[in-house]
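Trainee: Could you have a look at this structure, given as structure tokens, before my questions?
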Amino acid sequence: MTVPRAAALRLIGLFKLTKGCLLAAVALELGHLGPEGISHALARWATRLHVDPDGRYFGRAVEWIAGLGEHRLQTVGVGLLAFAMLFLTEGIGLLLRQRWAEYVTLIVTASLIPVELYAIARRPDWIRVAVTLINVGIVWYLARGLRQR
């Protein structure tokens, strides 16, 4: 059974909007808390998610973040906001069924797949694999649909 194109584009748009909102929230939180506050916030989130805040990998991540200077942290926040804006634009365009949004989403998503594959090769985990598979599916679906038109 095939999913109607409008429903599939709506689903992809919602996925992009979700990614954009999450990135924007993280970026704004980075700017608001600063390195020390982020360390404490990460420890609280880890506890809520039942992740050992004293675990080896989590500890390294917290140390790395705490070691970032204020300027570098702001730079990371600006980069995250830029990606958030891009994902939000894609999502809104797809929800409004704009053809340009299909092209933008295809190009942006395809261009990020090599980065995602590199991240999986360095540190594989099920979240990275799942997101990469979803993005490969999105690229395939959009390319097929645009080629048929």
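If you're wondering about the labels, chains in the structure tokens are A, B, ... by order shown, residues count from 1 in each chain, ligands from 1 in order shown.
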Go through segment 76-95 of chain A and flag each residue having an atom no more than 7 Å from segment 8-26 of chain A; for those, report the closest pair of atoms plus their distance in Å to one decimal, using only C-alpha atoms, ordered by chain and rising number, as CSV.

Mentor:
```
residue,atom,partner,partner_atom,distance
A:Leu80,CA,A:Leu23,CA,5.9
A:Leu81,CA,A:Ala24,CA,5.4
A:Ala84,CA,A:Gly20,CA,4.1
A:Met85,CA,A:Gly20,CA,6.5
A:Phe87,CA,A:Gly20,CA,4.8
A:Leu88,CA,A:Leu17,CA,5.0
A:Glu90,CA,A:Lys16,CA,6.6
A:Gly91,CA,A:Gly13,CA,3.9
A:Ile92,CA,A:Gly13,CA,6.5
A:Leu94,CA,A:Gly13,CA,5.0
A:Leu95,CA,A:Arg10,CA,5.2
```

Trainee: If you keep N, CA and C atoms, can you produce a file of those selected residues as an mmCIF file, in the first residue's frame?

Mentor:
```
data_model
loop_
_atom_site.group_PDB
_atom_site.id
_atom_site.type_symbol
_atom_site.label_atom_id
_atom_site.label_comp_id
_atom_site.auth_asym_id
_atom_site.auth_seq_id
_atom_site.Cartn_x
_atom_site.Cartn_y
_atom_site.Cartn_z
ATOM 1 N N LEU A 80 23.949 26.028 15.344
ATOM 2 C CA LEU A 80 22.746 25.231 15.584
ATOM 3 C C LEU A 80 21.489 25.996 15.188
ATOM 4 N N LEU A 81 21.465 27.299 15.476
ATOM 5 C CA LEU A 81 20.306 28.112 15.083
ATOM 6 C C LEU A 81 20.170 28.176 13.561
ATOM 7 N N ALA A 84 18.712 24.992 12.501
ATOM 8 C CA ALA A 84 17.312 24.972 12.932
ATOM 9 C C ALA A 84 16.446 25.770 11.964
ATOM 10 N N MET A 85 16.915 26.942 11.571
ATOM 11 C CA MET A 85 16.153 27.766 10.631
ATOM 12 C C MET A 85 15.983 27.051 9.294
ATOM 13 N N PHE A 87 15.993 23.724 8.761
ATOM 14 C CA PHE A 87 15.040 22.630 8.937
ATOM 15 C C PHE A 87 13.614 23.148 9.079
ATOM 16 N N LEU A 88 13.436 24.254 9.790
ATOM 17 C CA LEU A 88 12.102 24.832 9.942
ATOM 18 C C LEU A 88 11.563 25.328 8.605
ATOM 19 N N GLU A 90 12.394 24.125 5.638
ATOM 20 C CA GLU A 90 12.038 22.920 4.883
ATOM 21 C C GLU A 90 10.679 22.385 5.344
ATOM 22 N N GLY A 91 10.520 22.256 6.650
ATOM 23 C CA GLY A 91 9.292 21.692 7.198
ATOM 24 C C GLY A 91 8.064 22.507 6.851
ATOM 25 N N ILE A 92 8.148 23.814 7.014
ATOM 26 C CA ILE A 92 7.013 24.682 6.697
ATOM 27 C C ILE A 92 6.701 24.626 5.204
ATOM 28 N N LEU A 94 7.291 22.179 3.125
ATOM 29 C CA LEU A 94 6.676 20.888 2.797
ATOM 30 C C LEU A 94 5.229 20.825 3.278
ATOM 31 N N LEU A 95 4.961 21.357 4.461
ATOM 32 C CA LEU A 95 3.583 21.354 4.963
ATOM 33 C C LEU A 95 2.669 22.205 4.086
#
```

Trainee: What is the distance, in Å and to one decimal place, between atom CA of Glu63 of chain A and atom CA of Arg123 of chain A?

Mentor: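 Between atom CA of Glu63 of chain A and atom CA of Arg123 of chain A the gap is 18.1 Å.
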
Trainee: Near Val136 of chain A, counting only C-alpha atoms, which residues have an atom at most 8 Å away, once you skip same-chain residues fewer than 3 positions from it, shown as a list of chain:residue names?

Mentor: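 Listed by chain and then number, they are A:Ala110, A:Ile113, A:Thr132, A:Leu133, A:Val139, A:Trp140.
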
Trainee: Write a file of the selected residues as a compact mmCIF listing (two decimals), in the first residue's frame, keeping C-alpha atoms.

Mentor:
```
# COMPACT_ATOMS: atom_id res chain seq x y z
CA ALA A 110 21.35 14.35 0.67
CA ILE A 113 24.13 11.93 4.65
CA THR A 132 20.41 8.22 8.74
CA LEU A 133 18.03 5.55 7.44
CA VAL A 139 16.05 11.45 -0.25
CA TRP A 140 14.92 8.38 -2.16
```

Trainee: Looking at A:Val115, A:Ala143, A:Ala82, A:Leu33, which one is nearest to Val131 of chain A, with distances taken over only C-alpha atoms?

Mentor: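 Among the listed residues, the smallest separation from Val131 of chain A belongs to A:Val115.
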
Trainee: Would you kindly return, as a PyMOL selection string, each protein, DNA or RNA residue with an atom no farther than 12 Å from any atom of Val76 of chain A, considering only C-alpha atoms and excluding same-chain residues fewer than 2 positions away?

Mentor: chain A and resi 23-24+26-31+34-35+65+68-74+78-83

Trainee: Would you pick out the contacts of Leu142 of chain A at 8 Å or less, using only C-alpha atoms, so that residues sharing its chain but fewer than 6 positions from it are not included, and give the list as a ChimeraX atom specification?

Mentor: /A:102-103,106

Trainee: Would you export the selected residues with N, CA and C atoms as a short mmCIF file (atom, residue, chain, number, x, y, z; two decimals), in the first residue's frame, please?

Mentor:
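Written output follows (again08.cif):
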```cif
data_model
loop_
_atom_site.label_atom_id
_atom_site.label_comp_id
_atom_site.auth_asym_id
_atom_site.auth_seq_id
_atom_site.Cartn_x
_atom_site.Cartn_y
_atom_site.Cartn_z
N GLU A 102 10.53 20.76 -1.67
CA GLU A 102 10.95 19.40 -1.99
C GLU A 102 12.39 19.40 -2.51
N TYR A 103 12.71 20.35 -3.39
CA TYR A 103 14.08 20.44 -3.92
C TYR A 103 15.07 20.80 -2.81
N LEU A 106 15.51 17.82 -0.52
CA LEU A 106 16.30 16.79 -1.20
C LEU A 106 17.78 17.13 -1.17
#
```

Trainee: Could you tell me how far atom CA of Ser111 of chain A lies from atom CA of Ala61 of chain A, in Å and to one decimal?

Mentor: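 So the two atoms, atom CA of Ser111 of chain A and atom CA of Ala61 of chain A, lie 26.4 Å apart.
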
Trainee: Between A:Ile134, A:Val104, A:Trp64, A:Leu86, which residue has the minimum interatomic distance to Glu116 of chain A, considering only C-alpha atoms?

Mentor: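 Counting only C-alpha atoms, the residue closest to Glu116 of chain A is A:Ile134.
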